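Below: the structure, in structure tokens.
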Amino acid sequence: DHGLQISLYQPFRDFEGMPEPQRSRTFDRVERKFDIMADLGTDLMLVCSNVSPVSLGGIDRAAADFRELGERAQKRGLKIGYEALAWGRHVNDHRDAWEVVRWADHPGVGVILDSFHTLARGIDPETIRSIPGDKIAFIQLADAPKIDMDLLYWSRHFRNMPGEGDLDVTAFMRAVMATGYDGVISLEIFNDQFRGASPRSIAVDGYRSLVNLMDRVRRLEPGIAVDLPDLPSRVHVAGVEFVEFAANETEAEELGAMFAAMGFERAGRHVSKDVTLWKQGSINLVVNTEREGFAHAAYLVHGTSVCDIGLKVENAQATLERARALKAEPFEQAAGPGELKIPAIRGVGNGVMHFLDETSELANVWAIEFRPVASEEIPAPGVGLTRIDHVAQTMNYEEMLTWTLFYTSIFDTRRTPMVDIVDPGGLVRSQAIEGADGALRITLNGAENRKTLAGRFMAESFGSSVQHLAFATQDIFATAERLAANGFQPLDISPNYYDDLEARFGLDPEFTDCLRAANILYDRDEAGEYFQLYSPNYGEGFFFEIVERRGGYDGYGAANAQFRIAAQKRGLRPKGMPRG
């Protein structure tokens with residue numbers, strides 16, 4: 001009724017190379033499956049390579065079985081595809097499956113290729129190029145994280161959409177398309193999160209993964225035919241242009257006091273809305289206390305929270321076009337007097353993401369939309385914050401794959417390896433999305449239960465996504481001194497952290513004393529050093545971080561997270577107690 005078709009009937013197991021009497025029973029069984037296929041109106045059957053302990057090897061034996069199977073199928077107007085399971089008893093390599101098909105030499109028998117079965121075994125996908133495209137019966141795609149485990153268990157529980165894992169599905173599809181294959185491209189996904197997800201989110205992820213994959217294939221394999229509209233290339237992000245908070249008037253003043261203590265200047269007031277701009281370095285923080293519109297709706301749902309992020313891109317309209325082609329939801333609301341129309345989409349946690357560029361009047365948004373503030377207050381001196389180093393977004397763990405794909409398909413970014421963050425209430429899975437030059441850094445933190453700090457934040461703020469902002473400085477010790485002079489109170493770190501730190505890294509005691517005195521956390525790797533200074537919690541677990549990167553350090557101080565979280569949990573107010 002909905003125009004759906006069944007492209008493939010699968011799987012038919014333990015077929016080829018069976019001794020008698022199992023062989024005869026297998027052919028009887030396949031005839032019954034042919035009856036079902038006729039009822040369903042599908043004409044292609046997947047036969048996966050045999051895993052039975054009684055099966056016999058041999059290319060010629062398997063080819064003879066498939067030749068006979070092809071004859072039986074042809075009489076009923078059906079076709080057969082042979083797939084090499086990565087854990088097949090005798091055939092576990094697509095090259096061997098192709099040899100069986102080649103020796104069977106039947107027009108109704110082809111090979112079925114599955115990216116997981118090829119790539120999980122480390123087989124070079126370039127070998128696919130030697131297979132004639134008209135002998136490829138069907139293509140199945142899946143990605144997966146690289147994990148050293150049993151192949152069958154890995155396949156059943158960790159397959160995800162192309163672009164969500166670590167396998168080179170792009171190289172696989174380049175080789176497939178080079179053969180001239182023009183049939184169905186199917187997603188075969190198995191993982192525990194996928195099974196419980198909503199059909200709509202699965203459909204969007206699937207569509208987004210395929211369009212992104214084939215767009216990359218087309219760009220890397222010139223001359224192939226891909227039935228895909230032209231779309232802009234993945235977008236380079238030059239940085240975070242602004243972060244907008246939704247608040248009421250009282251909490252806006254609380255935020256303002258915190259911003260002032262961190263050296264921000266109240267720099268402007270919107271020409272037509274109750275919106276205030278705070279600036280330091282290239283950081284723009286916007287506080288919106290409007291009583292209508294999206295920000296107000298976000299406040300009513302989440303309380304004081306980040307509702308909007310603005311990204312600096314080369315071409316804002318092209319960014320919107322690519323996002324829309326990948327099924328991101330556009331965002332629009334009526335522009336007020338003096339307000340620019342800025343391209344935007346919905347992002348994580350139903351927040352908004354705006355795109356600004358240097359090619360239009362968007363480059364002058366702050367001069368156009370804001371007027372300088374005439375104030376009698378004496379601004380606190382800046383503390384040396386230069387830019388937004390990274391934005392940390394919290395979500396349910398089940399949503400992490402969706403948002404990883406969202407960022408890596410629209411923007412020219414890469415995923416870092418996932419790490420486990422130890423929280424006294426459980427584990428939080430964390431993964432960073434980064435541009436190659438580090439101008440955009442977003443950390444995604446997947447909470448599995450509400451006992452963790454991240455889980456509590458999600459629950460208490462009703463799904464708000466941005467849990468903390470990290471600002472960069474070039475001298476964290478000088479910044480700490482200026483913060484103290486402004487009355488800023490950092491998160492109090494337990495003294496025993498520094499005892500362990502000194503022993504772990506062999507630090508000079510005087511250097512450790514400097515870290516301890518300023519509540520600065522420290523990490524280093526072979527590339528460089530990393531310094532972190534945190535604010536106390538604001539509201540239900542939102543906080544600010546100040547970082548300094550030295551050398552080529554590209555991480556996020558994951559080893560320090562458990563100490564930071566323990567300190568933050570000590571500062572959480574009891575449930576039900578009002579702020580203040």
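Following the order of the structure tokens, first chain is A, next is B, and so on, with residues numbered from 1 inside each chain and ligands from 1 in the order they appear.
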
- Any idea what's packed within 10 Å of region 482-494 of chain A, counting only C-alpha atoms, ignoring anything in its chain fewer than 2 positions away? Could you give it as a VMD selection string? chain A and resid 257 to 263 380 to 384 476 to 480 496 to 499 516 to 521 533 to 537 543 to 545 563 to 568 570 to 571

- Task: Considering only C-alpha atoms, return as a PyMOL selection string whatever protein or nucleic-acid residues lie within 9 Å of region 155-161 of chain A, sequence-local ones (same chain, fewer than 3 positions apart) excluded.
- Result: chain A and resi 116-117+120+141-145+150-152+164-165+187-194+205-206+209-210+401+405

Based on the selection just made, write N, CA and C atoms of those residues as a CSV table (one decimal), in the first residue's frame.
```
chain,number,residue,atom,x,y,z
A,116,PHE,N,30.8,-5.0,5.8
A,116,PHE,CA,31.3,-5.5,7.1
A,116,PHE,C,32.1,-6.8,7.0
A,117,HIS,N,31.6,-7.7,6.2
A,117,HIS,CA,32.3,-9.0,6.0
A,117,HIS,C,33.7,-8.8,5.4
A,120,ALA,N,35.9,-6.1,8.0
A,120,ALA,CA,36.1,-6.7,9.4
A,120,ALA,C,37.3,-7.7,9.4
A,141,LEU,N,25.6,-2.6,3.2
A,141,LEU,CA,26.6,-1.7,3.8
A,141,LEU,C,26.4,-1.7,5.4
A,142,ALA,N,27.5,-1.7,6.0
A,142,ALA,CA,27.5,-1.4,7.5
A,142,ALA,C,28.9,-0.9,7.9
A,143,ASP,N,29.0,-0.1,8.8
A,143,ASP,CA,30.2,0.4,9.4
A,143,ASP,C,30.3,-0.3,10.8
A,144,ALA,N,31.4,0.0,11.5
A,144,ALA,CA,31.5,-0.6,12.9
A,144,ALA,C,32.7,0.1,13.6
A,145,PRO,N,32.7,0.2,14.9
A,145,PRO,CA,33.9,0.6,15.6
A,145,PRO,C,34.9,-0.5,15.5
A,150,ASP,N,35.2,-11.4,18.9
A,150,ASP,CA,34.6,-12.5,18.0
A,150,ASP,C,33.8,-11.8,16.9
A,151,LEU,N,34.1,-12.2,15.7
A,151,LEU,CA,33.5,-11.6,14.5
A,151,LEU,C,32.0,-11.7,14.5
A,152,LEU,N,31.4,-12.8,14.9
A,152,LEU,CA,29.9,-12.9,14.9
A,152,LEU,C,29.3,-12.0,15.9
A,164,GLU,N,29.6,6.2,10.9
A,164,GLU,CA,29.5,6.2,12.3
A,164,GLU,C,30.5,5.3,13.0
A,165,GLY,N,31.3,4.6,12.2
A,165,GLY,CA,32.3,3.7,12.7
A,165,GLY,C,33.7,4.0,12.2
A,187,LEU,N,21.3,-1.0,3.5
A,187,LEU,CA,21.9,-0.9,4.9
A,187,LEU,C,21.6,-2.1,5.7
A,188,GLU,N,22.6,-2.8,6.2
A,188,GLU,CA,22.3,-3.9,7.1
A,188,GLU,C,23.0,-3.6,8.4
A,189,ILE,N,22.2,-3.2,9.3
A,189,ILE,CA,22.6,-2.6,10.6
A,189,ILE,C,22.1,-3.5,11.8
A,190,PHE,N,23.0,-3.8,12.7
A,190,PHE,CA,22.7,-4.5,13.9
A,190,PHE,C,23.4,-3.8,15.1
A,191,ASN,N,22.8,-3.2,16.0
A,191,ASN,CA,23.4,-2.8,17.2
A,191,ASN,C,22.3,-2.6,18.3
A,192,ASP,N,22.7,-2.7,19.5
A,192,ASP,CA,21.7,-2.6,20.6
A,192,ASP,C,21.0,-1.3,20.7
A,193,GLN,N,21.6,-0.2,20.4
A,193,GLN,CA,20.9,1.1,20.4
A,193,GLN,C,19.9,1.2,19.3
A,194,PHE,N,20.4,0.7,18.1
A,194,PHE,CA,19.5,0.8,16.9
A,194,PHE,C,18.2,0.1,17.1
A,205,ASP,N,18.9,8.9,9.8
A,205,ASP,CA,20.3,8.5,9.9
A,205,ASP,C,20.7,7.7,8.6
A,206,GLY,N,19.8,6.7,8.2
A,206,GLY,CA,20.1,5.9,7.1
A,206,GLY,C,20.3,6.7,5.8
A,209,SER,N,23.4,8.9,6.0
A,209,SER,CA,24.7,8.2,5.8
A,209,SER,C,24.9,7.8,4.4
A,210,LEU,N,23.9,7.4,3.7
A,210,LEU,CA,24.0,7.0,2.3
A,210,LEU,C,24.4,8.2,1.4
A,401,LEU,N,25.5,8.2,18.2
A,401,LEU,CA,25.8,7.8,16.8
A,401,LEU,C,25.1,8.8,15.8
A,405,LEU,N,27.2,11.4,13.3
A,405,LEU,CA,26.9,11.4,11.9
A,405,LEU,C,26.5,12.8,11.4
```

- Query: When distances are computed from only C-alpha atoms, which of A:His106, A:His270, A:Arg429, A:Arg414 shows the smallest separation from Ile442 (chain A)?
  - Reply: A:Arg414

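Distances to Ser465 (chain A) were evaluated for A:Leu320, A:Leu362, A:Leu231, A:Ala298 using only C-alpha atoms, and the minimum falls at A:Ala298.
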
- Please provide as an MDAnalysis selection string all residues within 10 Å of Gln5 (chain A), with the sequence filter that same-chain residues fewer than 6 positions apart are discarded (counting only C-alpha atoms). chainID A and resid 40:42

Serialized selection, all heavy atoms, as a CSV table (one decimal), in the first residue's frame:
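This is the output file result34.csv:
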```csv
chain,number,residue,atom,x,y,z
A,40,LEU,N,5.7,-13.3,-1.5
A,40,LEU,CA,6.2,-11.9,-1.1
A,40,LEU,C,6.4,-11.0,-2.3
A,40,LEU,O,6.6,-9.8,-2.2
A,40,LEU,CB,7.4,-12.0,-0.2
A,40,LEU,CG,7.3,-12.7,1.1
A,40,LEU,CD1,8.6,-12.8,1.8
A,40,LEU,CD2,6.4,-11.9,2.0
A,41,GLY,N,6.5,-11.6,-3.5
A,41,GLY,CA,6.8,-10.9,-4.7
A,41,GLY,C,8.2,-10.4,-4.8
A,41,GLY,O,8.5,-9.3,-5.4
A,42,THR,N,9.2,-11.2,-4.3
A,42,THR,CA,10.6,-10.8,-4.5
A,42,THR,C,11.3,-11.9,-5.3
A,42,THR,O,10.9,-13.1,-5.2
A,42,THR,CB,11.3,-10.6,-3.1
A,42,THR,OG1,12.6,-10.1,-3.3
A,42,THR,CG2,11.3,-11.9,-2.3
```

- Backbone-only DSSP, strand (DSSP E) members of region 78-275 of chain A, as a PyMOL selection string: chain A and resi 79-83+109-114+136-141+185-187+237-246+265-270+275

- Give me, please, the distance in Å between CA of Tyr9 (chain A) and CA of Val211 (chain A), quoted to one decimal.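 Rounded to one decimal, the two atoms are 24.6 Å apart.
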
- Item | Who sits within 8 Å of region 346-348 of chain A, only C-alpha atoms, same chain under 5 positions skipped, as number ranges by chain | A: 328-331, 353, 393, 403, 465

- Task: as number ranges by chain, please: all residues of region 178-299 of chain A that backbone DSSP puts in alpha helix (DSSP H).
- Result: A: 178, 192-196, 199-220, 249-261, 294-299

For the selection you just gave me, I'd like the residues written to a file as a PDB file, in the first residue's frame, keeping C-alpha atoms.
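Now in part-v8.pdb:
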```
ATOM      1  CA  ALA A 178      34.083   1.232 -10.327  1.00  0.00           C
ATOM      2  CA  ASP A 192      21.744  -2.649  20.618  1.00  0.00           C
ATOM      3  CA  GLN A 193      20.928   1.079  20.424  1.00  0.00           C
ATOM      4  CA  PHE A 194      19.536   0.809  16.896  1.00  0.00           C
ATOM      5  CA  ARG A 195      16.975  -1.806  17.924  1.00  0.00           C
ATOM      6  CA  GLY A 196      15.350   0.553  20.399  1.00  0.00           C
ATOM      7  CA  PRO A 199      11.826   4.561  13.128  1.00  0.00           C
ATOM      8  CA  ARG A 200      12.028   8.210  12.076  1.00  0.00           C
ATOM      9  CA  SER A 201      15.508   8.767  13.509  1.00  0.00           C
ATOM     10  CA  ILE A 202      16.685   5.493  11.945  1.00  0.00           C
ATOM     11  CA  ALA A 203      15.330   6.569   8.568  1.00  0.00           C
ATOM     12  CA  VAL A 204      16.997   9.992   8.752  1.00  0.00           C
ATOM     13  CA  ASP A 205      20.306   8.480   9.854  1.00  0.00           C
ATOM     14  CA  GLY A 206      20.150   5.916   7.064  1.00  0.00           C
ATOM     15  CA  TYR A 207      19.391   8.489   4.396  1.00  0.00           C
ATOM     16  CA  ARG A 208      22.036  10.878   5.725  1.00  0.00           C
ATOM     17  CA  SER A 209      24.687   8.154   5.848  1.00  0.00           C
ATOM     18  CA  LEU A 210      24.032   7.014   2.280  1.00  0.00           C
ATOM     19  CA  VAL A 211      23.944  10.502   0.760  1.00  0.00           C
ATOM     20  CA  ASN A 212      27.122  11.491   2.600  1.00  0.00           C
ATOM     21  CA  LEU A 213      28.855   8.256   1.587  1.00  0.00           C
ATOM     22  CA  MET A 214      27.952   8.466  -2.085  1.00  0.00           C
ATOM     23  CA  ASP A 215      28.837  12.162  -2.194  1.00  0.00           C
ATOM     24  CA  ARG A 216      32.337  11.254  -0.943  1.00  0.00           C
ATOM     25  CA  VAL A 217      32.590   8.353  -3.392  1.00  0.00           C
ATOM     26  CA  ARG A 218      31.654  10.624  -6.292  1.00  0.00           C
ATOM     27  CA  ARG A 219      34.283  13.184  -5.311  1.00  0.00           C
ATOM     28  CA  LEU A 220      37.029  10.564  -4.875  1.00  0.00           C
ATOM     29  CA  GLU A 249      15.765  38.694  33.894  1.00  0.00           C
ATOM     30  CA  THR A 250      16.897  37.518  37.336  1.00  0.00           C
ATOM     31  CA  GLU A 251      19.058  34.695  36.054  1.00  0.00           C
ATOM     32  CA  ALA A 252      20.395  36.914  33.275  1.00  0.00           C
ATOM     33  CA  GLU A 253      21.834  39.138  35.992  1.00  0.00           C
ATOM     34  CA  GLU A 254      23.382  36.099  37.689  1.00  0.00           C
ATOM     35  CA  LEU A 255      24.951  35.046  34.401  1.00  0.00           C
ATOM     36  CA  GLY A 256      26.137  38.605  33.833  1.00  0.00           C
ATOM     37  CA  ALA A 257      27.858  38.677  37.201  1.00  0.00           C
ATOM     38  CA  MET A 258      29.621  35.425  36.376  1.00  0.00           C
ATOM     39  CA  PHE A 259      30.636  36.736  32.935  1.00  0.00           C
ATOM     40  CA  ALA A 260      31.974  39.928  34.486  1.00  0.00           C
ATOM     41  CA  ALA A 261      34.029  37.955  36.998  1.00  0.00           C
ATOM     42  CA  PHE A 294      12.402  30.415  20.212  1.00  0.00           C
ATOM     43  CA  ALA A 295      14.698  31.484  23.066  1.00  0.00           C
ATOM     44  CA  HIS A 296      11.745  32.016  25.385  1.00  0.00           C
ATOM     45  CA  ALA A 297      10.300  28.622  24.459  1.00  0.00           C
ATOM     46  CA  ALA A 298      13.710  27.058  25.197  1.00  0.00           C
ATOM     47  CA  TYR A 299      13.780  28.787  28.572  1.00  0.00           C
TER      48      TYR A 299
END
```

- Point-to-point distance in Å for CA of Val51 (chain A) and CA of Val169 (chain A): 25.4 Å

- Item | Non-local contacts of region 334-344 of chain A (10 Å; only C-alpha atoms; under 2 positions in same chain excluded) as a PyMOL selection string | chain A and resi 270-273+293+308-311+316-321+323+328-332+346-347+352-357+361-362+364-365+368-370

Save out the residues we just selected, N, CA, C and O atoms, as a CSV table (one decimal), in the first residue's frame.
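Saved result, again.csv, follows:
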```
chain,number,residue,atom,x,y,z
A,270,HIS,N,20.7,44.6,21.9
A,270,HIS,CA,20.1,44.4,20.6
A,270,HIS,C,19.2,45.6,20.3
A,270,HIS,O,18.6,46.2,21.2
A,271,VAL,N,19.1,45.9,19.0
A,271,VAL,CA,18.4,47.1,18.6
A,271,VAL,C,16.9,47.0,18.8
A,271,VAL,O,16.2,48.0,18.9
A,272,SER,N,16.4,45.8,18.9
A,272,SER,CA,14.9,45.6,19.0
A,272,SER,C,14.5,44.6,20.0
A,272,SER,O,13.2,44.4,20.2
A,273,LYS,N,15.4,43.8,20.6
A,273,LYS,CA,15.0,42.7,21.5
A,273,LYS,C,15.7,42.8,22.8
A,273,LYS,O,16.8,43.5,22.9
A,293,GLY,N,9.2,34.0,21.1
A,293,GLY,CA,10.2,33.5,20.2
A,293,GLY,C,10.8,32.2,20.7
A,293,GLY,O,10.5,31.6,21.8
A,308,ASP,N,21.4,28.3,21.5
A,308,ASP,CA,21.8,28.6,20.1
A,308,ASP,C,23.3,28.7,20.0
A,308,ASP,O,23.9,29.3,20.9
A,309,ILE,N,23.9,28.2,18.9
A,309,ILE,CA,25.3,28.3,18.7
A,309,ILE,C,25.5,28.8,17.3
A,309,ILE,O,24.8,28.3,16.3
A,310,GLY,N,26.3,29.8,17.1
A,310,GLY,CA,26.6,30.3,15.8
A,310,GLY,C,28.0,29.9,15.3
A,310,GLY,O,29.0,30.1,16.1
A,311,LEU,N,28.1,29.4,14.1
A,311,LEU,CA,29.4,28.9,13.6
A,311,LEU,C,29.8,29.8,12.4
A,311,LEU,O,29.0,30.3,11.6
A,316,ALA,N,27.5,30.7,4.3
A,316,ALA,CA,26.4,30.3,5.1
A,316,ALA,C,25.3,29.7,4.3
A,316,ALA,O,24.7,28.7,4.8
A,317,GLN,N,25.0,30.2,3.2
A,317,GLN,CA,23.9,29.6,2.4
A,317,GLN,C,24.2,28.2,1.9
A,317,GLN,O,23.4,27.3,1.9
A,318,ALA,N,25.5,28.0,1.4
A,318,ALA,CA,25.9,26.7,1.0
A,318,ALA,C,25.9,25.7,2.1
A,318,ALA,O,25.5,24.5,1.9
A,319,THR,N,26.2,26.2,3.3
A,319,THR,CA,26.2,25.3,4.5
A,319,THR,C,24.7,24.8,4.8
A,319,THR,O,24.5,23.7,5.0
A,320,LEU,N,23.8,25.8,4.7
A,320,LEU,CA,22.4,25.4,4.8
A,320,LEU,C,21.9,24.5,3.8
A,320,LEU,O,21.2,23.5,4.1
A,321,GLU,N,22.4,24.6,2.5
A,321,GLU,CA,22.0,23.7,1.4
A,321,GLU,C,22.5,22.3,1.7
A,321,GLU,O,21.7,21.4,1.5
A,323,ALA,N,23.2,21.0,4.6
A,323,ALA,CA,22.5,20.5,5.8
A,323,ALA,C,21.1,20.0,5.4
A,323,ALA,O,20.7,18.9,5.8
A,328,ALA,N,18.8,17.6,7.7
A,328,ALA,CA,18.8,18.5,8.9
A,328,ALA,C,17.6,19.4,8.8
A,328,ALA,O,17.2,19.8,7.7
A,329,GLU,N,17.0,19.7,9.9
A,329,GLU,CA,15.7,20.5,9.9
A,329,GLU,C,16.0,22.0,9.9
A,329,GLU,O,16.7,22.5,10.8
A,330,PRO,N,15.6,22.7,8.8
A,330,PRO,CA,15.9,24.1,8.8
A,330,PRO,C,15.1,24.8,10.0
A,330,PRO,O,14.1,24.3,10.4
A,331,PHE,N,15.7,25.9,10.4
A,331,PHE,CA,15.0,26.7,11.5
A,331,PHE,C,14.8,28.1,11.0
A,331,PHE,O,15.7,28.8,10.4
A,332,GLU,N,13.6,28.6,11.2
A,332,GLU,CA,13.3,30.0,10.8
A,332,GLU,C,12.3,30.6,11.9
A,332,GLU,O,11.5,29.9,12.4
A,346,ARG,N,18.1,23.1,13.1
A,346,ARG,CA,18.0,22.5,14.4
A,346,ARG,C,19.2,21.6,14.7
A,346,ARG,O,19.7,20.9,13.8
A,347,GLY,N,19.7,21.7,15.9
A,347,GLY,CA,20.8,20.9,16.2
A,347,GLY,C,20.5,19.9,17.4
A,347,GLY,O,19.4,19.5,17.6
A,352,VAL,N,19.4,25.3,18.4
A,352,VAL,CA,19.5,26.0,17.0
A,352,VAL,C,21.0,26.2,16.7
A,352,VAL,O,21.8,26.4,17.7
A,353,MET,N,21.3,26.1,15.5
A,353,MET,CA,22.7,26.3,15.0
A,353,MET,C,22.6,27.3,13.8
A,353,MET,O,22.0,27.0,12.8
A,354,HIS,N,23.2,28.5,14.0
A,354,HIS,CA,23.2,29.5,13.0
A,354,HIS,C,24.5,29.5,12.2
A,354,HIS,O,25.6,29.1,12.8
A,355,PHE,N,24.5,30.0,11.0
A,355,PHE,CA,25.8,30.0,10.2
A,355,PHE,C,26.0,31.4,9.7
A,355,PHE,O,25.2,32.1,9.1
A,356,LEU,N,27.2,31.9,10.0
A,356,LEU,CA,27.6,33.3,9.6
A,356,LEU,C,28.9,33.2,8.7
A,356,LEU,O,29.7,32.3,9.0
A,357,ASP,N,29.0,34.1,7.8
A,357,ASP,CA,30.2,34.1,6.9
A,357,ASP,C,30.7,35.5,6.7
A,357,ASP,O,30.1,36.5,7.2
A,361,GLU,N,26.4,40.7,4.5
A,361,GLU,CA,26.2,41.5,5.7
A,361,GLU,C,26.2,40.8,7.0
A,361,GLU,O,26.3,41.4,8.0
A,362,LEU,N,26.2,39.4,6.9
A,362,LEU,CA,26.4,38.6,8.1
A,362,LEU,C,27.7,38.9,8.8
A,362,LEU,O,27.8,38.7,10.0
A,364,ASN,N,28.9,41.6,9.5
A,364,ASN,CA,28.7,42.8,10.3
A,364,ASN,C,27.6,42.7,11.3
A,364,ASN,O,27.0,43.7,11.7
A,365,VAL,N,27.2,41.5,11.6
A,365,VAL,CA,26.0,41.3,12.4
A,365,VAL,C,26.1,42.0,13.8
A,365,VAL,O,25.1,42.6,14.2
A,368,ILE,N,25.4,45.7,13.1
A,368,ILE,CA,24.1,45.9,12.6
A,368,ILE,C,23.0,45.7,13.6
A,368,ILE,O,22.1,46.5,13.8
A,369,GLU,N,23.1,44.6,14.4
A,369,GLU,CA,22.1,44.3,15.3
A,369,GLU,C,22.2,44.8,16.7
A,369,GLU,O,21.2,44.8,17.5
A,370,PHE,N,23.4,45.3,17.1
A,370,PHE,CA,23.6,45.7,18.5
A,370,PHE,C,24.1,47.1,18.5
A,370,PHE,O,24.8,47.6,17.7
```

Surrounding residues of Val391 (chain A) excluding itself and chain neighbours under 5 positions, 10 Å, only C-alpha atoms, as a PDB file with N, CA, C and O atoms, in the first residue's frame:
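Result file selection_17.pdb:
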```pdb
ATOM      1  N   VAL A 240      33.660  29.085  16.530  1.00  0.00           N
ATOM      2  CA  VAL A 240      32.338  29.386  17.098  1.00  0.00           C
ATOM      3  C   VAL A 240      32.214  30.898  17.201  1.00  0.00           C
ATOM      4  O   VAL A 240      32.977  31.557  17.902  1.00  0.00           O
ATOM      5  N   VAL A 243      27.661  32.077  21.282  1.00  0.00           N
ATOM      6  CA  VAL A 243      26.824  31.131  22.040  1.00  0.00           C
ATOM      7  C   VAL A 243      25.736  31.959  22.706  1.00  0.00           C
ATOM      8  O   VAL A 243      26.015  32.983  23.351  1.00  0.00           O
ATOM      9  N   ILE A 309      23.863  28.175  18.941  1.00  0.00           N
ATOM     10  CA  ILE A 309      25.297  28.270  18.677  1.00  0.00           C
ATOM     11  C   ILE A 309      25.475  28.813  17.265  1.00  0.00           C
ATOM     12  O   ILE A 309      24.829  28.332  16.323  1.00  0.00           O
ATOM     13  N   ALA A 432      35.045  13.296  20.725  1.00  0.00           N
ATOM     14  CA  ALA A 432      35.189  14.652  20.204  1.00  0.00           C
ATOM     15  C   ALA A 432      35.021  14.664  18.691  1.00  0.00           C
ATOM     16  O   ALA A 432      35.439  13.743  17.985  1.00  0.00           O
ATOM     17  N   LEU A 440      37.225  24.198  15.216  1.00  0.00           N
ATOM     18  CA  LEU A 440      35.959  23.712  15.769  1.00  0.00           C
ATOM     19  C   LEU A 440      36.247  22.449  16.564  1.00  0.00           C
ATOM     20  O   LEU A 440      36.828  21.492  16.052  1.00  0.00           O
ATOM     21  N   ARG A 441      35.850  22.460  17.809  1.00  0.00           N
ATOM     22  CA  ARG A 441      35.963  21.285  18.672  1.00  0.00           C
ATOM     23  C   ARG A 441      34.648  21.152  19.442  1.00  0.00           C
ATOM     24  O   ARG A 441      34.251  22.076  20.145  1.00  0.00           O
ATOM     25  N   ILE A 442      34.001  20.007  19.280  1.00  0.00           N
ATOM     26  CA  ILE A 442      32.767  19.723  20.005  1.00  0.00           C
ATOM     27  C   ILE A 442      32.928  18.365  20.659  1.00  0.00           C
ATOM     28  O   ILE A 442      33.291  17.387  19.990  1.00  0.00           O
ATOM     29  N   THR A 443      32.699  18.297  21.956  1.00  0.00           N
ATOM     30  CA  THR A 443      32.736  17.000  22.627  1.00  0.00           C
ATOM     31  C   THR A 443      31.311  16.527  22.871  1.00  0.00           C
ATOM     32  O   THR A 443      30.458  17.283  23.340  1.00  0.00           O
ATOM     33  N   LEU A 444      31.060  15.276  22.512  1.00  0.00           N
ATOM     34  CA  LEU A 444      29.759  14.648  22.721  1.00  0.00           C
ATOM     35  C   LEU A 444      29.883  13.680  23.884  1.00  0.00           C
ATOM     36  O   LEU A 444      30.745  12.796  23.874  1.00  0.00           O
ATOM     37  N   VAL A 466      23.945  21.595  25.768  1.00  0.00           N
ATOM     38  CA  VAL A 466      25.265  22.157  26.050  1.00  0.00           C
ATOM     39  C   VAL A 466      25.468  22.218  27.553  1.00  0.00           C
ATOM     40  O   VAL A 466      24.804  22.980  28.252  1.00  0.00           O
ATOM     41  N   GLN A 467      26.406  21.416  28.057  1.00  0.00           N
ATOM     42  CA  GLN A 467      26.627  21.382  29.505  1.00  0.00           C
ATOM     43  C   GLN A 467      27.798  22.250  29.923  1.00  0.00           C
ATOM     44  O   GLN A 467      27.830  22.723  31.060  1.00  0.00           O
ATOM     45  N   HIS A 468      28.775  22.460  29.045  1.00  0.00           N
ATOM     46  CA  HIS A 468      29.813  23.421  29.420  1.00  0.00           C
ATOM     47  C   HIS A 468      30.502  24.009  28.206  1.00  0.00           C
ATOM     48  O   HIS A 468      30.498  23.442  27.114  1.00  0.00           O
ATOM     49  N   LEU A 469      31.062  25.197  28.423  1.00  0.00           N
ATOM     50  CA  LEU A 469      31.844  25.913  27.424  1.00  0.00           C
ATOM     51  C   LEU A 469      33.274  26.021  27.927  1.00  0.00           C
ATOM     52  O   LEU A 469      33.499  26.332  29.097  1.00  0.00           O
ATOM     53  N   ALA A 470      34.228  25.774  27.029  1.00  0.00           N
ATOM     54  CA  ALA A 470      35.639  25.885  27.382  1.00  0.00           C
ATOM     55  C   ALA A 470      36.246  27.058  26.627  1.00  0.00           C
ATOM     56  O   ALA A 470      36.175  27.126  25.393  1.00  0.00           O
ATOM     57  N   PHE A 471      36.835  27.992  27.371  1.00  0.00           N
ATOM     58  CA  PHE A 471      37.485  29.161  26.790  1.00  0.00           C
ATOM     59  C   PHE A 471      38.998  28.955  26.794  1.00  0.00           C
ATOM     60  O   PHE A 471      39.565  28.407  27.745  1.00  0.00           O
ATOM     61  N   PHE A 544      31.638  26.354  33.315  1.00  0.00           N
ATOM     62  CA  PHE A 544      32.611  26.896  32.365  1.00  0.00           C
ATOM     63  C   PHE A 544      33.979  26.296  32.658  1.00  0.00           C
ATOM     64  O   PHE A 544      34.298  25.937  33.793  1.00  0.00           O
ATOM     65  N   GLU A 545      34.788  26.227  31.622  1.00  0.00           N
ATOM     66  CA  GLU A 545      36.142  25.707  31.731  1.00  0.00           C
ATOM     67  C   GLU A 545      37.084  26.684  31.032  1.00  0.00           C
ATOM     68  O   GLU A 545      36.724  27.289  30.014  1.00  0.00           O
TER      69      GLU A 545
END
```

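Using only C-alpha atoms, the nearest neighbour of Gly77 (chain A) within the list A:Asp274, A:Asp35, A:Glu241, A:Glu510 is A:Asp35.
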
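Nearest-residue note for Arg13 (chain A): choosing from A:Arg415, A:Phe172, A:Ser49, A:Asp39, the minimum distance belongs to A:Ser49, counting only C-alpha atoms.
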
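We find CA of Glu358 (chain A) and CA of Gln280 (chain A) to be spaced 20.3 Å apart.
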